[in-house]
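Engineer: I am sharing final.txt, which consists of compact mmCIF, C-alpha atoms:
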```txt
# COMPACT_ATOMS: atom_id res chain seq x y z
CA MET A 1 18.51 -0.42 25.47
CA ASP A 2 18.65 -3.67 23.51
CA GLN A 3 17.18 -3.21 20.05
CA ASP A 4 15.14 -6.41 20.11
CA SER A 5 14.02 -6.41 23.72
CA THR A 6 10.72 -4.91 24.85
CA ASP A 7 11.31 -1.80 26.90
CA LYS A 8 9.37 -0.57 29.89
CA LEU A 9 6.86 1.24 27.70
CA GLY A 10 5.70 -2.00 26.09
CA PHE A 11 7.25 -1.58 22.67
CA THR A 12 10.67 -1.85 21.08
CA ARG A 13 12.88 0.66 19.34
CA ARG A 14 12.76 -1.58 16.27
CA ALA A 15 8.96 -1.49 16.30
CA LEU A 16 9.05 2.30 16.48
CA VAL A 17 11.48 2.54 13.58
CA VAL A 18 9.50 0.06 11.45
CA SER A 19 6.26 1.92 12.13
CA ALA A 20 7.92 5.12 10.94
CA ALA A 21 7.78 3.90 7.34
CA ILE A 22 4.36 5.55 6.92
CA VAL A 23 5.16 8.72 8.82
CA PRO A 24 6.65 10.98 6.12
CA ILE A 25 3.50 10.72 3.96
CA ALA A 26 1.21 11.28 6.91
CA ALA A 27 3.21 14.26 8.05
CA ILE A 28 3.19 15.87 4.62
CA ARG A 29 -0.54 15.28 4.20
CA SER A 30 -1.23 16.89 7.57
CA ALA A 31 0.02 20.27 6.34
CA THR A 32 -1.87 22.32 3.78
CA ALA A 33 1.28 24.07 2.60
CA ALA A 34 4.96 24.21 3.38
CA PRO A 35 5.82 26.85 5.97
CA THR A 36 7.74 29.79 4.62
CA GLN A 37 9.66 30.49 7.81
CA PRO A 38 10.03 28.95 11.27
CA THR A 39 7.32 29.72 13.81
CA THR A 40 7.00 28.52 17.37
CA ALA A 41 4.20 27.79 19.81
CA LEU A 42 5.92 26.51 22.96
CA THR A 43 7.78 28.26 25.75
CA SER A 44 11.34 27.14 26.49
CA ALA A 45 10.09 25.12 29.49
CA GLN A 46 7.39 23.42 27.41
CA LEU A 47 9.88 22.68 24.66
CA GLU A 48 12.25 21.14 27.21
CA LEU A 49 9.42 18.90 28.45
CA VAL A 50 8.51 17.77 24.93
CA ASP A 51 12.16 17.03 24.22
CA ALA A 52 12.46 14.99 27.43
CA VAL A 53 9.41 12.91 26.49
CA ALA A 54 10.63 12.38 22.92
CA ASP A 55 14.05 11.34 24.22
CA ARG A 56 12.48 8.46 26.18
CA LEU A 57 10.10 7.41 23.41
CA ILE A 58 12.94 7.02 20.89
CA PRO A 59 16.20 7.10 22.85
CA LYS A 60 19.65 7.24 21.35
CA ASP A 61 21.40 3.87 21.26
CA GLU A 62 24.09 1.93 19.41
CA ASN A 63 22.00 2.00 16.22
CA GLY A 64 21.90 5.75 15.94
CA PRO A 65 20.42 9.00 17.26
CA GLY A 66 17.14 9.29 19.10
CA ALA A 67 14.21 11.65 18.69
CA SER A 68 15.92 14.39 20.68
CA GLU A 69 18.96 14.45 18.40
CA CYS A 70 16.66 14.35 15.36
CA GLY A 71 14.88 17.52 16.47
CA ALA A 72 11.44 15.99 17.07
CA ALA A 73 10.59 18.66 19.65
CA ASN A 74 11.30 21.41 17.12
CA TYR A 75 8.96 19.71 14.64
CA ILE A 76 6.19 19.50 17.24
CA ASP A 77 6.70 23.13 18.23
CA ARG A 78 6.38 24.32 14.64
CA ALA A 79 3.45 22.02 13.89
CA LEU A 80 1.53 23.44 16.87
CA ALA A 81 2.18 26.93 15.54
CA GLY A 82 0.96 26.00 12.08
CA ALA A 83 -0.59 22.85 10.64
CA ILE A 84 -2.10 21.58 13.90
CA SER A 85 -2.56 24.89 15.71
CA ALA A 86 -6.12 23.88 16.57
CA GLU A 87 -4.64 21.27 18.90
CA LYS A 88 -2.42 23.70 20.77
CA ALA A 89 -4.67 24.31 23.78
CA ALA A 90 -5.35 20.61 24.32
CA PHE A 91 -1.68 19.78 23.82
CA LEU A 92 -0.57 22.33 26.41
CA GLU A 93 -3.09 20.90 28.86
CA GLY A 94 -1.55 17.49 28.24
CA LEU A 95 1.95 18.78 28.90
CA ALA A 96 0.80 20.39 32.14
CA ALA A 97 -0.80 17.10 33.13
CA ILE A 98 2.48 15.24 32.55
CA ASP A 99 4.34 17.52 34.93
CA ALA A 100 1.52 17.43 37.49
CA PHE A 101 1.44 13.64 37.46
CA SER A 102 5.25 13.49 37.60
CA LEU A 103 5.29 15.71 40.68
CA LYS A 104 2.53 13.67 42.29
CA SER A 105 3.99 10.24 41.56
CA GLN A 106 7.75 10.90 41.38
CA GLY A 107 8.28 14.12 43.34
CA LYS A 108 9.81 16.11 40.47
CA ALA A 109 8.87 17.68 37.16
CA PHE A 110 9.23 15.25 34.26
CA ALA A 111 12.37 16.79 32.73
CA GLU A 112 14.15 16.52 36.09
CA LEU A 113 13.49 12.81 36.57
CA SER A 114 15.89 9.93 36.02
CA ASP A 115 15.35 7.85 32.90
CA ASP A 116 13.74 5.06 34.94
CA ALA A 117 11.35 7.49 36.61
CA LYS A 118 10.48 9.06 33.25
CA ASP A 119 9.72 5.60 31.89
CA ALA A 120 7.48 4.91 34.87
CA VAL A 121 5.47 8.05 34.13
CA LEU A 122 5.18 7.23 30.43
CA THR A 123 4.22 3.64 31.22
CA ALA A 124 1.39 4.87 33.44
CA MET A 125 0.25 7.18 30.65
CA ASP A 126 0.41 4.37 28.11
CA ASN A 127 -1.61 2.13 30.43
CA GLY A 128 -4.18 4.85 30.99
CA THR A 129 -3.56 4.86 34.74
CA ALA A 130 -1.93 8.29 35.01
CA THR A 131 -4.35 10.78 36.53
CA GLY A 132 -5.12 14.39 35.64
CA PHE A 133 -5.50 13.98 31.87
CA THR A 134 -8.54 14.91 29.76
CA PRO A 135 -10.13 12.62 28.74
CA ASN A 136 -7.37 10.15 29.70
CA SER A 137 -3.61 9.73 29.70
CA ARG A 138 -3.62 7.05 27.01
CA GLY A 139 -5.02 9.46 24.43
CA PHE A 140 -2.35 12.08 25.04
CA PHE A 141 0.41 9.46 25.14
CA THR A 142 -0.69 8.19 21.74
CA ARG A 143 -0.75 11.69 20.28
CA ILE A 144 2.66 12.82 21.53
CA ARG A 145 4.16 9.48 20.47
CA ARG A 146 2.75 9.95 16.97
CA LEU A 147 4.10 13.48 16.70
CA THR A 148 7.48 12.28 17.95
CA LEU A 149 7.60 9.71 15.17
CA GLU A 150 6.66 12.34 12.62
CA GLY A 151 9.29 14.73 13.94
CA THR A 152 11.98 12.07 13.79
CA PHE A 153 11.29 10.67 10.33
CA SER A 154 9.39 13.24 8.23
CA ASP A 155 10.84 15.66 5.71
CA PRO A 156 13.28 17.99 7.52
CA TYR A 157 11.60 20.98 5.91
CA TYR A 158 9.04 20.78 8.70
CA GLY A 159 11.59 21.20 11.46
CA GLY A 160 12.43 17.64 12.50
CA ASN A 161 14.71 14.92 11.10
CA LYS A 162 17.67 17.20 11.76
CA ASN A 163 20.57 16.66 9.35
CA PHE A 164 18.50 13.83 7.81
CA ALA A 165 19.43 11.66 10.80
CA GLY A 166 16.00 10.02 10.92
CA TRP A 167 16.13 9.03 7.27
CA ASP A 168 19.65 7.66 7.72
CA LEU A 169 18.43 5.62 10.69
CA ILE A 170 15.81 3.77 8.63
CA GLY A 171 17.90 3.67 5.46
CA TYR A 172 15.70 6.02 3.45
CA PRO A 173 17.91 7.70 0.83
CA GLY A 174 15.60 10.65 0.22
CA PRO A 175 13.10 11.60 -2.51
CA ARG A 176 14.21 11.18 -6.11
CA LEU A 177 12.53 11.22 -9.51
CA ALA A 178 14.30 8.13 -10.80
CA THR A 179 16.68 5.36 -9.77
CA SER A 180 19.28 3.55 -11.82
CA ALA A 181 19.14 -0.12 -12.69
CA GLU A 182 22.05 -0.70 -10.30
CA GLU A 183 20.20 0.95 -7.43
CA GLN A 184 17.21 -1.33 -7.97
CA LYS A 185 19.23 -4.50 -7.43
CA MET A 186 18.69 -6.51 -4.24
CA HIS A 187 21.11 -5.88 -1.38
CA VAL A 188 22.46 -2.70 -2.92
CA THR A 189 22.84 0.22 -0.55
CA ILE A 190 21.55 3.39 -2.17
CA LYS A 191 23.63 6.45 -1.44
CA PRO A 192 21.56 9.04 0.44
CA ILE A 193 21.09 12.35 -1.34
CA HIS A 194 20.04 14.29 1.78
CA THR A 195 17.61 16.51 -0.09
CA SER A 196 14.25 17.78 1.06
CA ALA A 197 11.20 17.07 -1.11
CA TRP A 198 10.83 20.84 -1.25
CA GLY A 199 14.12 21.14 -3.08
CA GLY A 200 17.74 21.36 -2.02
CA ALA A 201 18.97 20.71 1.49
CA LYS A 202 16.23 22.83 3.01
CA ASN A 203 15.14 22.22 6.57
CA GLY A 204 13.30 23.97 9.34
CA HIS A 205 16.17 24.23 11.80
```
The structure given in the file should be rewritten as structure tokens.
Structural biologist:
Amino acid sequence: MDQDSTDKLGFTRRALVVSAAIVPIAAIRSATAAPTQPTTALTSAQLELVDAVADRLIPKDENGPGASECGAANYIDRALAGAISAEKAAFLEGLAAIDAFSLKSQGKAFAELSDDAKDAVLTAMDNGTATGFTPNSRGFFTRIRRLTLEGTFSDPYYGGNKNFAGWDLIGYPGPRLATSAEEQKMHVTIKPIHTSAWGGAKNGH
């Protein structure tokens, strides 16, 4: 997919990456405390579906890895088991609706579709024309897109941004207490430190 061209879902990869600048803060603020150990909320089939959706929202291309490679699905799984557990029931209903609409409109479950067919399903959701969603497909599309962004670009402690790939993609070097005068100069590439805000190279993988 061309970085600057508008894709079938009505937005560009560049727009997604640019919008991710605010995601790490939002993701951290959404949790009351850092999880002490990994927990899960989704079945393997549900996790596969979330991963398939994330893979089409932020696909891998010549600029770097996509949401799937960054572990966005793992982030969403853990978030549903913890910080946003109150959303779990509604989220699972949304996932079921995706597969139901995929079967109705494309003849297969979402994860089994071709990339073009997956994009057609997501486009219908984005447009609010996909049926079977409560209250509508647009609302669930917006929510899973937001969580995908968080899982791709937030602190890896929460289970996404695997191997700091999301931060590398947007050129974020990682949290630090201070920067040198050299690092503050224009057009200077700051060496990434690949360290979680929670200390060390911790992550939720």
Engineer: When you count only C-alpha atoms, which of these residues is closest to Gly132 of chain A: A:Ala165, A:Ala100, A:Met186, A:Ile193?
Structural biologist: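 For Gly132 of chain A, the nearest of the given residues is A:Ala100.
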Engineer: Tell me, as a list in words, which residues lie within 12 Å of Leu177 of chain A, counting all atoms listed in the file; anything in the same chain fewer than 2 positions away does not count.
Structural biologist: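 Result of the neighbour search: Gly174, Pro175, Thr179, Ser180, Ile193, Thr195, Ala197 and Gly199 of chain A.
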Engineer: Please measure the separation of atom CA of Ser137 of chain A and atom CA of Ala109 of chain A, giving the value in Å to one decimal.
Structural biologist: 16.6 Å
Engineer: Restricting the calculation to only C-alpha atoms: of A:Arg143, A:Ser44, A:Asn136, A:Lys162, which residue gets closest to Ile84 of chain A?
Structural biologist: A:Arg143
Engineer: Considering all atoms listed in the file, state which residue in the set A:Glu182, A:Asp119, A:Asp168, A:Asp77 is at the smallest distance from Thr148 of chain A.
Structural biologist: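 Ranking A:Glu182, A:Asp119, A:Asp168, A:Asp77 by distance to Thr148 of chain A, first place goes to A:Asp77.
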Engineer: Write out as a list in words the residues lying within 7 Å of Ser68 of chain A, counting all atoms listed in the file and excluding same-chain residues fewer than 4 positions away.
Structural biologist: Asp51, Ala54, Asp55, Ala72 and Ala73 of chain A
Engineer: Nearest to Lys60 of chain A: which of A:Leu169, A:Ala124, A:Ala111, A:Ala97 is it, counting only C-alpha atoms?
Structural biologist: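 For Lys60 of chain A, the nearest of the given residues is A:Leu169.
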Engineer: Could you tell me how far atom CA of Phe101 of chain A lies from atom CA of Val121 of chain A, in Å and to one decimal?
Structural biologist: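 Those two atoms sit 7.7 Å apart.
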Engineer: Given only C-alpha atoms as the basis, pick out the residue of A:Gly151, A:Gly64, A:Gly139, A:Gly107 nearest to Arg78 of chain A.
Structural biologist: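 Of the candidates, the smallest distance to Arg78 of chain A is held by A:Gly151.
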Engineer: Choose the residue, out of A:Ser114, A:Gln184, A:Thr189, A:Gln106, that has the smallest atom-to-atom separation from Tyr172 of chain A; count all atoms listed in the file.
Structural biologist: A:Thr189
Engineer: Could you check which residues have any atom within 10 Å of (16.4, 19.1, 14.9), counting all atoms listed in the file with coordinates taken straight from the file, and then list them as a compact mmCIF listing (two decimals) with C-alpha atoms, in the coordinates of the input?
Structural biologist:
```txt
# COMPACT_ATOMS: atom_id res chain seq x y z
CA ALA A 67 14.21 11.65 18.69
CA SER A 68 15.92 14.39 20.68
CA GLU A 69 18.96 14.45 18.40
CA CYS A 70 16.66 14.35 15.36
CA GLY A 71 14.88 17.52 16.47
CA ALA A 72 11.44 15.99 17.07
CA ALA A 73 10.59 18.66 19.65
CA ASN A 74 11.30 21.41 17.12
CA TYR A 75 8.96 19.71 14.64
CA GLY A 151 9.29 14.73 13.94
CA THR A 152 11.98 12.07 13.79
CA PRO A 156 13.28 17.99 7.52
CA TYR A 158 9.04 20.78 8.70
CA GLY A 159 11.59 21.20 11.46
CA GLY A 160 12.43 17.64 12.50
CA ASN A 161 14.71 14.92 11.10
CA LYS A 162 17.67 17.20 11.76
CA ASN A 163 20.57 16.66 9.35
CA PHE A 164 18.50 13.83 7.81
CA ALA A 165 19.43 11.66 10.80
CA GLY A 166 16.00 10.02 10.92
CA ASN A 203 15.14 22.22 6.57
CA GLY A 204 13.30 23.97 9.34
CA HIS A 205 16.17 24.23 11.80
```
Engineer: Between atom CA of Pro59 of chain A and atom CA of Phe140 of chain A, what is the distance, to one decimal in Å?
Structural biologist: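 We find that atom CA of Pro59 of chain A and atom CA of Phe140 of chain A lie 19.3 Å from each other.
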